[in-house]
Structures are given as C-alpha cells and as structure tokens.
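Asker: Take a look at this one; I'll ask things after.
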2 protein chains.
Amino acid sequence: MKPTEGTLRLQTVEGDGLRFEAEFPSGRIVLDSGAGAVAPNPVHALLAAVAACEAMDVIGLMRKKRQAVTAYEVRMSGERAAEPPRRYTSMTLVHRLTGHGLEAAAVEDSLRLTVEKYCSVYHTIRPDVPITNRYELIEA
Amino acid sequence: MKPTEGTLRLQTVEGDGLRFEAEFPSGRIVLDSGAGAVAPNPVHALLAAVAACEAMDVIGLMRKKRQAVTAYEVRMSGERAAEPPRRYTSMTLVHRLTGHGLEAAAVEDSLRLTVEKYCSVYHTIRPDVPITNRYELIEA
C-alpha cells in the first residue's frame, strides 16, 4: 500500500520563530508555536485531526442514513499533563448537529461506528487517553 | 491548567463534500477528505503534527546550541493498516538540516531530547506505532 507522505519546512529561519509549513499532495498546513503565532500549533493540529477524522465518518454515515444535516460543529477540548512531555491526558468532543428531524439513533450509530471501526486517527492515539464523544441535536 | 480548545465546522453542507475548518485562538486549519480535496486530510494532519512538534523542539534546541541552521526540512512518511480502522502502523521522519558547520552531536542530542522528554504529540501516539527519526546534515 502507498505510504502517506509529505514535506515539512521551517519558514522562520531567522530569529526565534517556530513556524513550519507541511506540504501534502492535496494542500498545506501551517503550524506555529512561536511568540505571536499566526497559525495553530501541533497540539491543536492533533486535536483537529482526531475531531475531523471522526466528523468525516459521521457526516458520511448520516448522509447514507438520509438524515438532513444543515450544520455540523464539533466543540473540541483536551486536557494535557502539567509536566513534560505535556501529552494529552483526555479529549472531549461535542458533536452539534443541526438539521430537520435528525434522529438520535442515527447519530449514536454513526459515532459508535467511527469509534469502534473506522477512524484511523482515533485508533492511532494512545489507548489510555480517553476520548469522550457527546452529541447535541438542534432543530433547524 | 487551561484546556486546549477549538471549534470544527463542516464547510461542505450540501452534496458529498468532506471539508471541515478547525478554528483555534491562533488560526485555522482546513481538512478535506472529499473527492477533489483542496486541503490535507486528518491522517496527513496527524503526521504533520508529530513532525512539527518534534521539529519545533529540535530547532529551538539547535539555536540554544548556537548551531547556524539556514534551512530545515522534514520528509514525513507513514504506513497504515490495510483494513479499517486504517491506523498508522509506523512513521518515519527524516530531518534534513542545512547550515554552516552543523554538528552531528548537536542534532542527535536535540532529537533525543524531543523524543525522550519534550514532544507532547509524539507522546500522545500509541507506543506500539514505531516512530523512526533519522537526520541528514547539509553544508550550506
């Protein structure tokens, strides 16, 4: 199978800046941890990767289930260890789906499938980092 | 300690699109897994998060060691499982540092410190996913 590949480059060569750009076949991600950062940092990117991986599965499954989703937002939150390495100790993802007559069973089933079966990023995270998924349904 | 927080939003509400935008206090990341994707996908973002987390530590340490780095590139590569969940099974990061008289011992020490002590993202990945770090030094 073809490996996943890309190139990361330091953009702030002079001074103390910590801005890098990652380039992949489909586009770029800028990451920044410096003073006055202009982009998310790698810890943000990791949280976004987990949330988006799940959300892509969920919206795909909801569409297959003929659920009329008109907006989908995930509130992402993570706690980290106080001492280095300041790894995540937990993540909480609240999936807020807006639509017409969305069914709780459809969302629950979609979330269950991404967590148990599909989400590549979720399953690359340490198993001792609890990832809590909740959902809210909003009538459009 | 303050949690890490952000909001992810579906941009492609109509049709089959899988484009999301993650918003954090310091900026945004667009992620896309749809047909004709215009941005990296979550699996790319995860690889970039690991590589950038390490590289930010390494460049910071190299600067402290008074190493004159004029360019820094990381070739990122990851293998994934063939069956769902298609989690990473390994990652390989080749750190290519260009500069004036860069010392191998300085790079080795910086890489060792990020892996053993500092990198928050590295330490949030499953311990059974081997992350191999290599380096190349190029005289400017």
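All residue names refer to the structure tokens as shown: chains lettered A, B, ... in order, residues numbered from 1 in each chain, ligands numbered from 1 in order.
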Using only C-alpha atoms, which chain B residues lie at most 7 Å away from chain A, written as a PyMOL selection string?
Answerer: chain B and resi 3-10+13+18+20+22+24+26-29+37-40+42-43+45-46+48-49+52-53+56+70-79+84-88+117-121+123-127
Asker: Fit chain A to chain B: least squares, all C-alpha atoms, paired in order; write the output as a short mmCIF file (atom, residue, chain, number, x, y, z; two decimals) with C-alpha atoms, in the first residue's frame.
Answerer:
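Heads up, here's the output in part_28.cif:
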```cif
data_model
loop_
_atom_site.label_atom_id
_atom_site.label_comp_id
_atom_site.auth_asym_id
_atom_site.auth_seq_id
_atom_site.Cartn_x
_atom_site.Cartn_y
_atom_site.Cartn_z
CA MET A 1 -4.38 24.22 33.71
CA LYS A 2 -6.29 25.76 30.81
CA PRO A 3 -7.65 23.16 28.38
CA THR A 4 -6.74 23.22 24.68
CA GLU A 5 -9.92 24.28 22.86
CA GLY A 6 -11.23 24.90 19.38
CA THR A 7 -14.23 24.50 17.10
CA LEU A 8 -14.50 22.38 13.96
CA ARG A 9 -17.14 23.26 11.34
CA LEU A 10 -18.43 21.46 8.27
CA GLN A 11 -17.93 23.69 5.23
CA THR A 12 -19.48 21.44 2.60
CA VAL A 13 -23.04 21.09 3.89
CA GLU A 14 -24.55 20.31 0.47
CA GLY A 15 -23.53 17.29 -1.58
CA ASP A 16 -20.90 14.71 -0.65
CA GLY A 17 -18.07 17.05 0.38
CA LEU A 18 -15.95 16.31 3.44
CA ARG A 19 -14.30 19.67 4.06
CA PHE A 20 -14.05 20.95 7.63
CA GLU A 21 -12.37 24.00 9.12
CA ALA A 22 -10.88 23.90 12.61
CA GLU A 23 -10.64 27.23 14.40
CA PHE A 24 -8.26 27.89 17.31
CA PRO A 25 -7.27 31.16 19.03
CA SER A 26 -4.12 31.40 16.86
CA GLY A 27 -5.60 30.42 13.50
CA ARG A 28 -7.35 27.86 11.32
CA ILE A 29 -6.69 24.51 9.68
CA VAL A 30 -8.76 23.26 6.73
CA LEU A 31 -9.02 19.48 6.40
CA ASP A 32 -10.58 17.70 3.44
CA SER A 33 -11.16 14.05 2.54
CA GLY A 34 -13.68 14.55 -0.23
CA ALA A 35 -13.34 13.95 -3.97
CA GLY A 36 -11.12 16.71 -5.36
CA ALA A 37 -9.91 17.62 -1.86
CA VAL A 38 -8.48 21.13 -1.56
CA ALA A 39 -6.62 20.52 1.71
CA PRO A 40 -4.80 17.75 3.59
CA ASN A 41 -6.88 15.09 5.30
CA PRO A 42 -6.86 14.24 9.04
CA VAL A 43 -4.32 11.43 8.54
CA HIS A 44 -1.96 13.95 6.90
CA ALA A 45 -2.61 16.42 9.74
CA LEU A 46 -1.67 13.81 12.33
CA LEU A 47 1.67 13.12 10.60
CA ALA A 48 2.34 16.87 10.29
CA ALA A 49 1.50 17.35 13.99
CA VAL A 50 4.06 14.73 15.05
CA ALA A 51 6.76 16.06 12.69
CA ALA A 52 6.21 19.73 13.53
CA CYS A 53 6.09 19.07 17.29
CA GLU A 54 9.50 17.37 17.05
CA ALA A 55 10.94 19.93 14.63
CA MET A 56 9.93 22.87 16.85
CA ASP A 57 11.80 21.30 19.77
CA VAL A 58 14.79 20.48 17.56
CA ILE A 59 15.17 23.94 16.01
CA GLY A 60 14.77 25.55 19.43
CA LEU A 61 17.47 23.34 20.91
CA MET A 62 19.79 23.83 17.90
CA ARG A 63 19.49 27.60 18.32
CA LYS A 64 20.36 27.30 22.01
CA LYS A 65 23.41 25.28 20.97
CA ARG A 66 24.47 28.14 18.63
CA GLN A 67 24.13 25.94 15.55
CA ALA A 68 23.76 28.06 12.39
CA VAL A 69 20.77 26.39 10.69
CA THR A 70 19.84 28.01 7.34
CA ALA A 71 17.16 25.52 6.26
CA TYR A 72 15.25 22.70 7.95
CA GLU A 73 13.07 20.20 6.15
CA VAL A 74 11.44 17.02 7.43
CA ARG A 75 10.48 14.28 4.97
CA MET A 76 7.44 12.67 6.53
CA SER A 77 6.26 9.17 5.71
CA GLY A 78 3.79 6.84 7.38
CA GLU A 79 2.50 3.32 6.80
CA ARG A 80 -1.10 2.41 7.61
CA ALA A 81 -3.03 -0.77 8.26
CA ALA A 82 -4.72 -2.27 5.19
CA GLU A 83 -8.05 -2.85 6.97
CA PRO A 84 -10.23 -0.42 8.96
CA PRO A 85 -9.49 1.25 11.24
CA ARG A 86 -6.61 2.19 8.91
CA ARG A 87 -4.46 3.47 11.75
CA TYR A 88 -0.78 4.24 11.36
CA THR A 89 1.47 1.23 11.87
CA SER A 90 4.72 3.22 11.63
CA MET A 91 6.07 6.69 10.87
CA THR A 92 9.47 7.71 9.51
CA LEU A 93 10.76 11.27 9.82
CA VAL A 94 13.96 12.31 8.06
CA HIS A 95 15.23 15.63 9.42
CA ARG A 96 17.35 17.43 6.82
CA LEU A 97 19.21 20.34 8.36
CA THR A 98 21.24 22.72 6.23
CA GLY A 99 23.72 25.14 7.78
CA HIS A 100 27.27 26.23 8.45
CA GLY A 101 29.34 23.58 10.24
CA LEU A 102 26.37 21.86 11.92
CA GLU A 103 27.50 19.28 14.47
CA ALA A 104 26.08 15.74 14.39
CA ALA A 105 26.22 15.55 18.20
CA ALA A 106 24.04 18.66 18.50
CA VAL A 107 21.32 17.23 16.22
CA GLU A 108 21.45 13.82 17.89
CA ASP A 109 21.10 15.38 21.32
CA SER A 110 18.21 17.59 20.16
CA LEU A 111 16.36 14.65 18.60
CA ARG A 112 16.94 12.52 21.68
CA LEU A 113 15.53 15.22 23.97
CA THR A 114 12.35 15.74 21.91
CA VAL A 115 11.66 12.01 21.77
CA GLU A 116 12.54 11.23 25.37
CA LYS A 117 11.33 14.34 27.11
CA TYR A 118 9.55 17.15 25.32
CA CYS A 119 7.31 16.31 22.37
CA SER A 120 3.66 16.38 23.52
CA VAL A 121 2.32 14.98 20.26
CA TYR A 122 4.88 12.17 19.98
CA HIS A 123 3.89 11.00 23.46
CA THR A 124 0.16 11.04 22.64
CA ILE A 125 0.65 8.45 19.87
CA ARG A 126 0.20 4.74 20.64
CA PRO A 127 3.49 3.34 21.93
CA ASP A 128 3.21 0.40 19.51
CA VAL A 129 3.46 2.73 16.49
CA PRO A 130 7.22 2.98 15.93
CA ILE A 131 8.34 6.51 15.01
CA THR A 132 11.78 6.37 13.40
CA ASN A 133 13.80 9.59 13.35
CA ARG A 134 16.79 9.97 11.04
CA TYR A 135 18.79 13.05 10.13
CA GLU A 136 20.95 14.39 7.33
CA LEU A 137 23.29 17.36 7.61
CA ILE A 138 23.93 19.51 4.54
CA GLU A 139 26.68 22.15 4.38
CA ALA A 140 25.25 25.46 3.20
#
```
Asker: So which residues of range 15-57 of chain B fall under alpha helix (DSSP H) by DSSP, listed as a PyMOL selection string?
Answerer: chain B and resi 42-57
Asker: Mind checking DSSP for range 26-132 of chain A and telling me the strand (DSSP E) residues as a PyMOL selection string?
Answerer: chain A and resi 27-32+68-80+88-100+131-132
